[in-house]
>>> print(open('coords.cif').read())   # mmCIF, C-alpha atoms
data_start
loop_
_atom_site.label_atom_id
_atom_site.label_comp_id
_atom_site.auth_asym_id
_atom_site.auth_seq_id
_atom_site.Cartn_x
_atom_site.Cartn_y
_atom_site.Cartn_z
CA MET A 1 110.68 -181.33 181.47
CA PRO A 2 114.15 -182.94 181.87
CA MET A 3 115.60 -184.33 185.07
CA MET A 4 119.09 -183.97 186.50
CA CYS A 5 121.15 -185.60 189.24
CA ALA A 6 124.62 -184.94 190.66
CA VAL A 7 127.34 -187.57 191.04
CA SER A 8 130.89 -187.64 192.40
CA PHE A 9 133.74 -189.98 191.48
CA SER A 10 135.48 -189.64 194.84
CA ARG A 11 134.57 -188.88 198.42
CA ARG A 12 134.24 -185.11 198.94
CA GLY A 13 135.14 -184.76 195.25
CA ARG A 14 133.85 -182.43 192.58
CA LEU A 15 130.22 -182.77 191.52
CA TYR A 16 129.23 -183.71 188.00
CA TYR A 17 125.72 -183.38 186.62
CA ALA A 18 124.05 -186.10 184.60
CA ASP A 19 120.70 -187.07 183.15
CA PRO A 20 119.32 -190.07 185.07
CA GLY A 21 117.48 -191.28 181.98
CA PRO A 22 115.12 -194.17 182.74
CA HIS A 23 116.88 -194.87 186.06
CA SER A 24 115.92 -193.56 189.50
CA PRO A 25 119.07 -193.59 191.65
CA ARG A 26 118.88 -192.55 195.28
CA VAL A 27 121.47 -190.66 197.30
CA GLY A 28 124.39 -193.01 197.99
CA ASP A 29 123.73 -195.39 195.09
CA ARG A 30 126.65 -196.34 192.85
CA VAL A 31 125.94 -195.52 189.23
CA LEU A 32 127.75 -195.83 185.90
CA VAL A 33 128.60 -192.53 184.20
CA PRO A 34 129.80 -192.45 180.56
CA THR A 35 133.32 -191.04 180.07
CA ASP A 36 135.87 -190.91 177.27
CA ASP A 37 137.45 -194.12 178.61
CA GLY A 38 134.16 -195.95 179.06
CA PRO A 39 131.63 -196.14 181.91
CA GLU A 40 133.03 -195.17 185.32
CA VAL A 41 131.57 -195.87 188.74
CA ALA A 42 130.38 -192.80 190.67
CA THR A 43 128.24 -192.09 193.73
CA CYS A 44 124.90 -190.32 193.45
CA VAL A 45 125.02 -187.20 195.65
CA TRP A 46 121.80 -185.49 194.59
CA ALA A 47 118.69 -187.44 193.75
CA PRO A 48 117.09 -186.73 190.35
CA GLN A 49 115.00 -183.59 190.23
CA TRP A 50 113.16 -181.61 187.59
CA VAL A 51 115.03 -178.76 185.91
CA SER A 52 114.16 -176.12 183.32
CA GLU A 53 113.96 -176.86 179.62
CA ASP A 54 117.14 -174.91 178.79
CA VAL A 55 119.29 -177.45 180.65
CA GLY A 56 120.55 -179.97 178.13
CA GLY A 57 123.57 -181.78 176.81
CA LEU A 58 124.11 -183.76 180.01
CA PRO A 59 125.53 -187.30 179.88
CA VAL A 60 122.92 -189.98 180.45
CA LEU A 61 123.59 -192.54 183.16
CA VAL A 62 124.39 -196.00 181.83
CA GLY A 63 122.69 -197.61 184.80
CA LEU A 64 123.27 -198.78 188.35
CA ALA A 65 126.63 -200.41 189.13
CA ASP A 66 126.58 -204.13 189.92
CA ASP A 67 129.13 -206.20 191.88
CA GLU A 68 131.36 -206.74 188.85
CA ASP A 69 131.48 -203.01 188.13
CA LEU A 70 132.40 -202.29 191.74
CA ARG A 71 135.17 -204.90 191.67
CA ARG A 72 136.68 -203.43 188.51
CA ASN A 73 136.43 -199.93 189.95
CA ASP A 74 138.31 -200.94 193.11
CA ALA A 75 141.01 -202.63 191.02
CA SER A 76 141.37 -199.50 188.89
CA ARG A 77 141.72 -197.29 191.97
CA ARG A 78 144.43 -199.50 193.43
CA ARG A 79 146.27 -199.52 190.11
CA ARG A 80 146.15 -195.73 189.83
CA ALA A 81 147.45 -195.28 193.37
CA GLN A 82 150.30 -197.73 192.68
CA ALA A 83 151.26 -195.92 189.47
CA ARG A 84 151.14 -192.50 191.13
CA VAL A 85 153.44 -193.55 193.97
CA ALA A 86 155.91 -195.23 191.61
CA ALA A 87 155.97 -192.26 189.22
CA ARG A 88 156.68 -189.71 191.94
CA ARG A 89 159.42 -191.89 193.45
CA LEU A 90 161.17 -192.39 190.11
CA VAL A 91 160.92 -188.69 189.26
CA ARG A 92 162.80 -187.88 192.47
CA GLU A 93 165.41 -190.55 191.74
CA HIS A 94 166.04 -189.20 188.24
CA GLY A 95 166.10 -185.61 189.48
CA LEU A 96 163.75 -184.39 186.78
CA PRO A 97 162.11 -180.92 187.11
CA MET A 98 158.55 -182.18 186.71
CA LYS A 99 155.47 -182.69 188.88
CA VAL A 100 153.10 -185.64 188.59
CA ILE A 101 149.50 -184.44 188.88
CA GLY A 102 147.35 -187.32 187.65
CA VAL A 103 147.22 -190.92 186.46
CA ASP A 104 144.80 -192.61 184.09
CA VAL A 105 144.56 -196.42 183.90
CA VAL A 106 142.85 -198.64 181.32
CA LEU A 107 142.70 -202.16 182.72
CA GLU A 108 141.55 -203.80 179.49
CA THR A 109 144.70 -202.80 177.58
CA ASN A 110 147.04 -202.55 180.60
CA ALA A 111 147.87 -198.96 179.60
CA ILE A 112 148.80 -196.20 182.02
CA THR A 113 148.95 -192.48 181.20
CA ILE A 114 150.79 -190.21 183.62
CA PHE A 115 150.11 -186.47 183.45
CA PHE A 116 152.75 -184.01 184.61
CA THR A 117 153.64 -180.33 184.48
CA ALA A 118 157.04 -178.72 183.92
CA GLU A 119 158.36 -175.27 183.16
CA ASN A 120 160.31 -176.46 180.10
CA ARG A 121 160.64 -179.55 177.96
CA VAL A 122 161.89 -182.58 179.87
CA ASP A 123 163.83 -185.56 178.54
CA PHE A 124 162.03 -188.42 180.29
CA ARG A 125 163.04 -191.35 178.08
CA SER A 126 164.96 -193.08 180.86
CA LEU A 127 162.04 -192.46 183.24
CA VAL A 128 159.61 -194.16 180.86
CA ARG A 129 161.83 -197.24 180.64
CA ASP A 130 161.97 -197.53 184.43
CA LEU A 131 158.20 -197.02 184.72
CA ASN A 132 157.50 -199.75 182.15
CA ARG A 133 159.72 -202.16 184.04
CA THR A 134 158.37 -201.23 187.50
CA LEU A 135 154.66 -201.22 186.64
CA ALA A 136 154.80 -203.99 184.01
CA ALA A 137 152.55 -201.95 181.75
CA ARG A 138 152.67 -199.69 178.71
CA VAL A 139 153.30 -196.27 180.24
CA GLN A 140 152.84 -192.96 178.44
CA LEU A 141 153.82 -189.56 179.86
CA ARG A 142 151.89 -186.46 178.80
CA GLN A 143 152.89 -182.90 179.64
CA LEU A 144 150.04 -180.49 180.40
CA SER A 145 149.88 -176.71 180.18
CA ALA A 146 149.05 -174.56 183.18
CA ARG A 147 145.38 -174.31 182.20
CA ASP A 148 145.03 -178.02 181.47
CA SER A 149 146.63 -178.75 184.82
CA ALA A 150 144.11 -176.58 186.65
CA LYS A 151 141.28 -178.22 184.71
CA LEU A 152 142.47 -181.70 185.68
CA GLN A 153 143.12 -180.98 189.36
CA GLY A 154 140.23 -178.58 189.97
CA GLY A 155 140.12 -175.93 192.65
CA ILE A 156 138.33 -172.84 193.97
CA GLY A 157 138.57 -169.53 192.15
CA SER A 158 138.78 -166.04 193.63
CA CYS A 159 134.97 -165.82 193.31
CA GLY A 160 134.55 -168.70 195.76
CA ARG A 161 133.17 -171.12 193.17
CA ASP A 162 134.69 -174.14 191.44
CA LEU A 163 137.00 -173.33 188.55
CA CYS A 164 135.15 -172.75 185.29
CA CYS A 165 137.62 -174.91 183.35
CA SER A 166 136.99 -177.90 185.61
CA THR A 167 133.19 -177.62 185.60
CA PHE A 168 131.65 -176.46 182.31
CA LEU A 169 134.27 -174.99 179.95
CA THR A 170 135.15 -177.30 177.08
CA ASP A 171 137.53 -175.06 175.10
CA PHE A 172 140.07 -172.46 176.17
CA GLU A 173 139.32 -169.30 174.21
CA PRO A 174 142.00 -166.57 174.00
CA VAL A 175 141.92 -163.89 176.71
CA SER A 176 143.86 -160.62 176.46
CA VAL A 177 144.77 -157.77 178.80
CA ARG A 178 142.70 -155.51 176.55
CA MET A 179 139.56 -157.21 177.87
CA ALA A 180 140.50 -156.21 181.42
CA LYS A 181 141.18 -152.62 180.31
CA ASP A 182 137.83 -152.36 178.54
CA GLN A 183 136.09 -153.43 181.76
CA ASN A 184 137.98 -150.84 183.86
CA LEU A 185 139.60 -153.56 185.97
CA SER A 186 142.82 -153.16 187.86
CA LEU A 187 145.75 -154.58 185.91
CA ASN A 188 147.25 -156.05 189.06
CA PRO A 189 148.28 -159.62 188.08
CA MET A 190 146.98 -160.92 191.40
CA ARG A 191 143.50 -159.58 190.59
CA ILE A 192 143.11 -160.75 186.98
CA SER A 193 144.99 -164.08 187.12
CA GLY A 194 143.33 -167.40 187.81
CA ALA A 195 144.48 -170.44 189.74
CA CYS A 196 146.60 -171.48 186.76
CA GLY A 197 148.57 -168.21 186.79
CA ARG A 198 147.11 -167.12 183.45
CA LEU A 199 144.46 -164.49 182.75
CA MET A 200 141.08 -165.53 184.12
CA CYS A 201 138.75 -167.08 181.55
CA CYS A 202 135.80 -165.13 183.00
CA LEU A 203 137.28 -161.88 181.64
CA ARG A 204 135.77 -162.93 178.35
CA TYR A 205 132.22 -163.50 179.59
CA GLU A 206 131.03 -159.87 179.88
CA HIS A 207 133.43 -158.27 177.41
CA PRO A 208 130.87 -158.18 174.53
CA LEU A 209 128.49 -156.19 176.76
CA TYR A 210 131.18 -153.58 177.40
CA GLU A 211 131.97 -153.35 173.69
CA GLU A 212 128.31 -152.82 172.81
CA PHE A 213 127.83 -150.21 175.54
CA THR A 214 130.97 -148.28 174.59
CA ALA A 215 129.97 -148.17 170.93
CA ALA A 216 126.44 -146.90 171.67
CA VAL A 217 127.05 -144.15 174.24
CA PRO A 218 129.23 -141.01 174.28
CA ALA A 219 132.84 -141.55 175.22
CA VAL A 220 134.33 -140.25 178.46
CA GLY A 221 134.95 -136.52 178.05
CA ALA A 222 132.21 -135.98 175.46
CA ALA A 223 129.80 -133.07 175.91
CA VAL A 224 126.24 -134.25 176.50
CA SER A 225 122.88 -132.97 177.63
CA ILE A 226 120.78 -134.56 180.36
CA PRO A 227 117.51 -133.45 182.01
CA ALA A 228 119.52 -131.75 184.79
CA GLY A 229 121.59 -129.65 182.40
CA GLU A 230 124.68 -129.61 180.21
CA GLY A 231 127.91 -131.39 181.11
CA ARG A 232 130.52 -133.94 180.17
CA VAL A 233 130.71 -137.70 180.59
CA VAL A 234 133.16 -138.72 183.32
CA GLY A 235 132.36 -142.42 183.72
CA HIS A 236 130.49 -145.48 182.44
CA ASP A 237 128.59 -147.97 184.60
CA VAL A 238 128.01 -150.89 182.25
CA PRO A 239 126.28 -153.29 184.70
CA ARG A 240 123.66 -150.62 185.51
CA GLN A 241 123.58 -149.27 181.93
CA GLN A 242 124.24 -145.76 183.26
CA LEU A 243 126.59 -142.85 182.61
CA THR A 244 128.08 -140.44 185.13
CA VAL A 245 127.88 -136.83 183.92
CA ALA A 246 129.64 -133.85 185.52
CA LEU A 247 127.54 -130.72 185.02
CA ASP A 248 128.95 -127.27 184.46
CA ASP A 249 128.05 -126.26 188.03
CA GLY A 250 130.31 -129.02 189.41
CA SER A 251 127.64 -131.52 190.44
CA ARG A 252 127.60 -135.10 189.22
CA HIS A 253 124.60 -137.12 188.11
CA SER A 254 124.18 -140.79 187.21
CA CYS A 255 121.54 -141.26 184.57
CA SER A 256 120.34 -143.97 182.24
CA ARG A 257 121.80 -144.14 178.76
CA ALA A 258 118.34 -143.34 177.38
CA ASP A 259 118.33 -139.95 179.18
CA VAL A 260 121.61 -138.80 177.65
CA CYS A 261 121.35 -136.68 174.52
CA GLY A 262 124.22 -136.46 172.12
CA SER A 263 125.16 -140.11 171.94
CA ARG A 264 127.31 -141.27 169.11
CA LYS A 265 124.53 -143.39 167.66
CA ALA A 266 122.07 -140.48 167.61
CA TYR A 267 124.70 -138.18 166.10
CA GLU A 268 125.45 -140.58 163.26
CA ALA A 269 121.74 -141.07 162.61
CA ALA A 270 121.20 -137.31 162.31
CA HIS A 271 124.43 -136.20 160.61
CA GLY A 272 125.75 -139.34 158.96
CA SER A 273 128.74 -141.45 159.85
CA PRO A 274 131.98 -139.49 160.43
CA ASN A 275 133.77 -141.92 158.12
CA ALA A 276 131.51 -141.00 155.24
CA GLY A 277 133.37 -138.04 153.70
CA SER A 278 132.51 -135.82 150.83
CA GLN A 279 134.11 -138.17 148.31
CA VAL A 280 131.70 -140.00 146.05
CA ALA A 281 132.44 -143.32 144.47
CA PRO A 282 133.16 -143.24 140.71
CA GLY A 283 130.02 -143.55 138.65
CA ASN A 284 127.85 -142.11 141.41
CA GLN A 285 128.67 -138.43 140.89
CA ALA A 286 125.66 -136.16 141.07
CA GLU A 287 124.80 -134.15 138.03
CA PRO A 288 125.59 -130.42 138.15
CA ASP A 289 122.70 -128.18 139.03
CA ASP A 290 122.99 -126.26 135.78
CA GLN A 291 122.80 -129.42 133.66
CA ALA A 292 119.34 -129.88 132.21
CA ARG A 293 117.50 -133.09 133.01
CA PRO A 294 115.96 -135.07 130.15
CA ASP A 295 112.44 -134.18 131.20
CA ASP A 296 113.17 -130.47 131.55
CA GLN A 297 111.83 -128.17 128.85
CA ALA A 298 114.57 -126.50 126.88
CA GLU A 299 114.63 -122.76 127.16
CA PRO A 300 114.47 -120.86 123.89
CA ASN A 301 117.66 -119.11 122.81
CA ASP A 302 118.94 -117.20 119.86
CA GLU A 303 120.78 -120.25 118.51
CA MET A 304 117.57 -122.10 117.71
CA ASP A 305 116.95 -122.20 113.98
CA LEU A 306 113.69 -120.73 112.78
CA GLY A 307 112.80 -123.97 111.07
CA GLY A 308 113.17 -125.98 114.20
CA GLN A 309 116.54 -127.30 113.08
CA ASP A 310 119.08 -128.23 115.71
CA PRO A 311 121.84 -125.59 115.80
CA SER A 312 124.45 -128.30 116.46
CA ALA A 313 123.60 -129.87 113.12
CA ARG A 314 124.23 -126.53 111.42
CA ARG A 315 127.61 -126.27 113.13
CA ARG A 316 128.56 -129.79 112.03
CA ARG A 317 127.65 -128.98 108.45
CA SER A 318 129.54 -125.72 108.59
CA ARG A 319 132.73 -127.54 109.58
CA ARG A 320 132.64 -129.84 106.53
CA ARG A 321 135.40 -129.24 104.03
CA PRO A 322 134.22 -128.03 100.64
CA GLU A 323 134.22 -130.62 97.93
CA GLN A 324 137.01 -130.23 95.38
#
>>> encode(input="coords.cif", output="structure tokens")
Amino acid sequence: MPMMCAVSFSRRGRLYYADPGPHSPRVGDRVLVPTDDGPEVATCVWAPQWVSEDVGGLPVLVGLADDEDLRRNDASRRRRAQARVAARRLVREHGLPMKVIGVDVVLETNAITIFFTAENRVDFRSLVRDLNRTLAARVQLRQLSARDSAKLQGGIGSCGRDLCCSTFLTDFEPVSVRMAKDQNLSLNPMRISGACGRLMCCLRYEHPLYEEFTAAVPAVGAAVSIPAGEGRVVGHDVPRQQLTVALDDGSRHSCSRADVCGSRKAYEAAHGSPNAGSQVAPGNQAEPDDQARPDDQAEPNDEMDLGGQDPSARRRRSRRRPEQ
């Protein structure tokens, strides 16, 4: 059974989960967590504990941080704070419509990456020159989209939990308004938009369940039969797997999808798919009923020759031209 611990890179910061591996850190210990830019120092917030087998893919701790690791981490923090202050000051001086949201520093190569957001494209060539001269480093500016900005900064969603993009989502899959319509959600932008101002990524999570339910049960307005009587479907309750049926006497009943007769799936199983018309593909035409099958016994008729000769052979011979 695997083990898992929780770490944080800053005080009161977001929690990240990791596999302790062969190490046994305690709460408050400084540990090394693998990142894209190399091992980073973090603080253990939750001690290792056993988790279920389906939890996997967690980064494995490199080990406990020593004095040299702590010294480099403090130097990196001071360098990031210096770059952030200088970048925001120079942005104001240049009057550029951009917002600095994060700084990444690599001490080994003396490289600094500054992340910013802007409504449109920004010409920041003069800003980069001033940053290189002020920070005495190789500075790179990178513009982020609204979703990438929310992922980098983090936050709390309307559900009260940490943003999905900043915790476990690795890719941004497309989300459409159609997904909100299929789930009978209000199309109010304030209700279906996330912290980034775009459609919430969680609209995609349950959409396949709604598609499967809609395809398997009668549509709203369809006539159905339930144990209480005959009526029409007036609503779907996908989380409960139920349908709301209005009976002919005016009463309404909520019943399981298994208790509803006349579903689309049952209709197609009994009567065939509506798309399957009367047309038959070439080469698959059925033989006419009056055409004799090879194993059928030929009925006697007056054209049969007394000697058992095929009448068609007689007709072919009769059509031959006489020899001259």
>>> atom_distance(input="coords.cif", atom1="atom CA of A:Leu209", atom2="atom CA of A:Ala223")
23.2 Å
>>> resolve_selection(input="coords.cif", expression="the PyMOL selection byres ((chain A and resi 84) around 10)", output="PDB file with C-alpha atoms, in the coordinates of the input")
ATOM      1  CA  ARG A  78     144.430-199.500 193.430  1.00  0.00           C
ATOM      2  CA  ARG A  79     146.270-199.520 190.110  1.00  0.00           C
ATOM      3  CA  ARG A  80     146.150-195.730 189.830  1.00  0.00           C
ATOM      4  CA  ALA A  81     147.450-195.280 193.370  1.00  0.00           C
ATOM      5  CA  GLN A  82     150.300-197.730 192.680  1.00  0.00           C
ATOM      6  CA  ALA A  83     151.260-195.920 189.470  1.00  0.00           C
ATOM      7  CA  VAL A  85     153.440-193.550 193.970  1.00  0.00           C
ATOM      8  CA  ALA A  86     155.910-195.230 191.610  1.00  0.00           C
ATOM      9  CA  ALA A  87     155.970-192.260 189.220  1.00  0.00           C
ATOM     10  CA  ARG A  88     156.680-189.710 191.940  1.00  0.00           C
ATOM     11  CA  ARG A  89     159.420-191.890 193.450  1.00  0.00           C
ATOM     12  CA  VAL A 100     153.100-185.640 188.590  1.00  0.00           C
ATOM     13  CA  ILE A 101     149.500-184.440 188.880  1.00  0.00           C
ATOM     14  CA  GLY A 102     147.350-187.320 187.650  1.00  0.00           C
ATOM     15  CA  VAL A 103     147.220-190.920 186.460  1.00  0.00           C
ATOM     16  CA  ASP A 104     144.800-192.610 184.090  1.00  0.00           C
ATOM     17  CA  ILE A 114     150.790-190.210 183.620  1.00  0.00           C
ATOM     18  CA  PHE A 115     150.110-186.470 183.450  1.00  0.00           C
TER      19      PHE A 115
END
>>> closest_residue(input="coords.cif", among="A:Ala215, A:Cys44, A:Ile192, A:Val55", to="A:Met1", atoms="all atoms listed in the file")
A:Val55
>>> residues_around(input="coords.cif", residues="stretch 64-74 of chain A", least_positions_apart="5", cutoff="12 Å", atoms="all atoms listed in the file", output="PyMOL selection string")
chain A and resi 9-10+20-26+28-34+38-44+79-81+105-108
>>> closest_residue(input="coords.cif", among="A:Pro2, A:Pro174, A:Pro208, A:Gly194", to="A:Val60", atoms="all atoms listed in the file")
A:Pro2
>>> residues_near_point(input="coords.cif", point="(128.1, -147.8, 186.2)", cutoff="12 Å", atoms="all atoms listed in the file", output="list in words")
Gln183, Asn184, Tyr210, Phe213, Thr214, Val233, Val234, Gly235, His236, Asp237, Val238, Pro239, Arg240, Gln241, Gln242, Leu243, Thr244, Val245, His253, Ser254, Cys255, Ser256 and Arg257 of chain A
>>> resolve_selection(input="coords.cif", expression="the PyMOL selection byres ((chain A and resi 143-153) around 6)", output="list in words")
Phe115, Phe116, Thr117, Arg142, Gly154, Cys165, Ser166 and Cys196 of chain A
>>> resolve_selection(input="coords.cif", expression="the PyMOL selection byres ((chain A and resi 180) around 10)", output="JSON, numbers by chain")
{"A": [175, 176, 177, 178, 179, 181, 182, 183, 184, 185, 186, 187, 192, 199, 200, 203, 204, 207]}
>>> write_last_selection(input="coords.cif", atoms="C-alpha atoms", output="PDB file, keeping the file's coordinate frame")
ATOM      1  CA  VAL A 175     141.920-163.890 176.710  1.00  0.00           C
ATOM      2  CA  SER A 176     143.860-160.620 176.460  1.00  0.00           C
ATOM      3  CA  VAL A 177     144.770-157.770 178.800  1.00  0.00           C
ATOM      4  CA  ARG A 178     142.700-155.510 176.550  1.00  0.00           C
ATOM      5  CA  MET A 179     139.560-157.210 177.870  1.00  0.00           C
ATOM      6  CA  LYS A 181     141.180-152.620 180.310  1.00  0.00           C
ATOM      7  CA  ASP A 182     137.830-152.360 178.540  1.00  0.00           C
ATOM      8  CA  GLN A 183     136.090-153.430 181.760  1.00  0.00           C
ATOM      9  CA  ASN A 184     137.980-150.840 183.860  1.00  0.00           C
ATOM     10  CA  LEU A 185     139.600-153.560 185.970  1.00  0.00           C
ATOM     11  CA  SER A 186     142.820-153.160 187.860  1.00  0.00           C
ATOM     12  CA  LEU A 187     145.750-154.580 185.910  1.00  0.00           C
ATOM     13  CA  ILE A 192     143.110-160.750 186.980  1.00  0.00           C
ATOM     14  CA  LEU A 199     144.460-164.490 182.750  1.00  0.00           C
ATOM     15  CA  MET A 200     141.080-165.530 184.120  1.00  0.00           C
ATOM     16  CA  LEU A 203     137.280-161.880 181.640  1.00  0.00           C
ATOM     17  CA  ARG A 204     135.770-162.930 178.350  1.00  0.00           C
ATOM     18  CA  HIS A 207     133.430-158.270 177.410  1.00  0.00           C
TER      19      HIS A 207
END
>>> atom_distance(input="coords.cif", atom1="atom CA of A:Thr134", atom2="atom CA of A:Glu119")
26.3 Å
>>> axis_aligned_box(input="coords.cif", around="stretch 26-38 of chain A", padding_each_side="3 Å", output="AutoDock Vina command-line options")
--center_x 128.2 --center_y -193.5 --center_z 187.6 --size_x 24.6 --size_y 11.7 --size_z 26.7
>>> atom_distance(input="coords.cif", atom1="atom CA of A:Gln140", atom2="atom CA of A:Asn110")
11.4 Å
>>> residues_around(input="coords.cif", residues="A:Ser251", least_positions_apart="4", cutoff="12 Å", atoms="all atoms listed in the file", output="ChimeraX atom specification")
/A:228-232,234,244-247
>>> closest_residue(input="coords.cif", among="A:Gly95, A:Pro227, A:Gly63, A:Gly157", to="A:Gly197", atoms="only C-alpha atoms")
A:Gly157
>>> closest_residue(input="coords.cif", among="A:Ile156, A:Arg125, A:Gly13, A:Ala111", to="A:Val139", atoms="only C-alpha atoms")
A:Ala111
>>> build_atoms(input="coords.cif", residues="stretch 86-104 of chain A", atoms="N, CA and C atoms", output="PDB file, in the coordinates of the input")
ATOM      1  N   ALA A  86     154.697-194.841 192.330  1.00  0.00           N
ATOM      2  CA  ALA A  86     155.910-195.230 191.610  1.00  0.00           C
ATOM      3  C   ALA A  86     156.428-194.089 190.737  1.00  0.00           C
ATOM      4  N   ALA A  87     155.535-193.357 190.094  1.00  0.00           N
ATOM      5  CA  ALA A  87     155.970-192.260 189.220  1.00  0.00           C
ATOM      6  C   ALA A  87     156.646-191.159 190.028  1.00  0.00           C
ATOM      7  N   ARG A  88     156.074-190.770 191.142  1.00  0.00           N
ATOM      8  CA  ARG A  88     156.680-189.710 191.940  1.00  0.00           C
ATOM      9  C   ARG A  88     158.019-190.143 192.531  1.00  0.00           C
ATOM     10  N   ARG A  89     158.145-191.403 192.910  1.00  0.00           N
ATOM     11  CA  ARG A  89     159.420-191.890 193.450  1.00  0.00           C
ATOM     12  C   ARG A  89     160.510-191.879 192.377  1.00  0.00           C
ATOM     13  N   LEU A  90     160.170-192.349 191.173  1.00  0.00           N
ATOM     14  CA  LEU A  90     161.170-192.390 190.110  1.00  0.00           C
ATOM     15  C   LEU A  90     161.534-190.999 189.612  1.00  0.00           C
ATOM     16  N   VAL A  91     160.591-190.075 189.651  1.00  0.00           N
ATOM     17  CA  VAL A  91     160.920-188.690 189.260  1.00  0.00           C
ATOM     18  C   VAL A  91     161.956-188.110 190.209  1.00  0.00           C
ATOM     19  N   ARG A  92     161.814-188.368 191.506  1.00  0.00           N
ATOM     20  CA  ARG A  92     162.800-187.880 192.470  1.00  0.00           C
ATOM     21  C   ARG A  92     164.153-188.556 192.245  1.00  0.00           C
ATOM     22  N   GLU A  93     164.139-189.846 191.952  1.00  0.00           N
ATOM     23  CA  GLU A  93     165.410-190.550 191.740  1.00  0.00           C
ATOM     24  C   GLU A  93     166.142-190.042 190.506  1.00  0.00           C
ATOM     25  N   HIS A  94     165.413-189.707 189.460  1.00  0.00           N
ATOM     26  CA  HIS A  94     166.040-189.200 188.240  1.00  0.00           C
ATOM     27  C   HIS A  94     166.343-187.709 188.320  1.00  0.00           C
ATOM     28  N   GLY A  95     165.839-187.034 189.327  1.00  0.00           N
ATOM     29  CA  GLY A  95     166.100-185.610 189.480  1.00  0.00           C
ATOM     30  C   GLY A  95     165.521-184.758 188.369  1.00  0.00           C
ATOM     31  N   LEU A  96     164.366-185.124 187.882  1.00  0.00           N
ATOM     32  CA  LEU A  96     163.750-184.390 186.780  1.00  0.00           C
ATOM     33  C   LEU A  96     162.879-183.250 187.322  1.00  0.00           C
ATOM     34  N   PRO A  97     162.923-182.068 186.671  1.00  0.00           N
ATOM     35  CA  PRO A  97     162.110-180.920 187.110  1.00  0.00           C
ATOM     36  C   PRO A  97     160.668-181.030 186.611  1.00  0.00           C
ATOM     37  N   MET A  98     159.928-181.957 187.143  1.00  0.00           N
ATOM     38  CA  MET A  98     158.550-182.180 186.710  1.00  0.00           C
ATOM     39  C   MET A  98     157.712-182.579 187.918  1.00  0.00           C
ATOM     40  N   LYS A  99     156.394-182.399 187.793  1.00  0.00           N
ATOM     41  CA  LYS A  99     155.470-182.690 188.880  1.00  0.00           C
ATOM     42  C   LYS A  99     154.346-183.560 188.362  1.00  0.00           C
ATOM     43  N   VAL A 100     154.170-184.723 188.962  1.00  0.00           N
ATOM     44  CA  VAL A 100     153.100-185.640 188.590  1.00  0.00           C
ATOM     45  C   VAL A 100     151.798-185.151 189.217  1.00  0.00           C
ATOM     46  N   ILE A 101     150.769-184.979 188.378  1.00  0.00           N
ATOM     47  CA  ILE A 101     149.500-184.440 188.880  1.00  0.00           C
ATOM     48  C   ILE A 101     148.328-185.382 188.674  1.00  0.00           C
ATOM     49  N   GLY A 102     148.474-186.420 187.875  1.00  0.00           N
ATOM     50  CA  GLY A 102     147.350-187.320 187.650  1.00  0.00           C
ATOM     51  C   GLY A 102     147.763-188.575 186.922  1.00  0.00           C
ATOM     52  N   VAL A 103     146.953-189.623 187.088  1.00  0.00           N
ATOM     53  CA  VAL A 103     147.220-190.920 186.460  1.00  0.00           C
ATOM     54  C   VAL A 103     145.905-191.454 185.920  1.00  0.00           C
ATOM     55  N   ASP A 104     145.965-191.993 184.714  1.00  0.00           N
ATOM     56  CA  ASP A 104     144.800-192.610 184.090  1.00  0.00           C
ATOM     57  C   ASP A 104     145.161-194.050 183.737  1.00  0.00           C
TER      58      ASP A 104
END
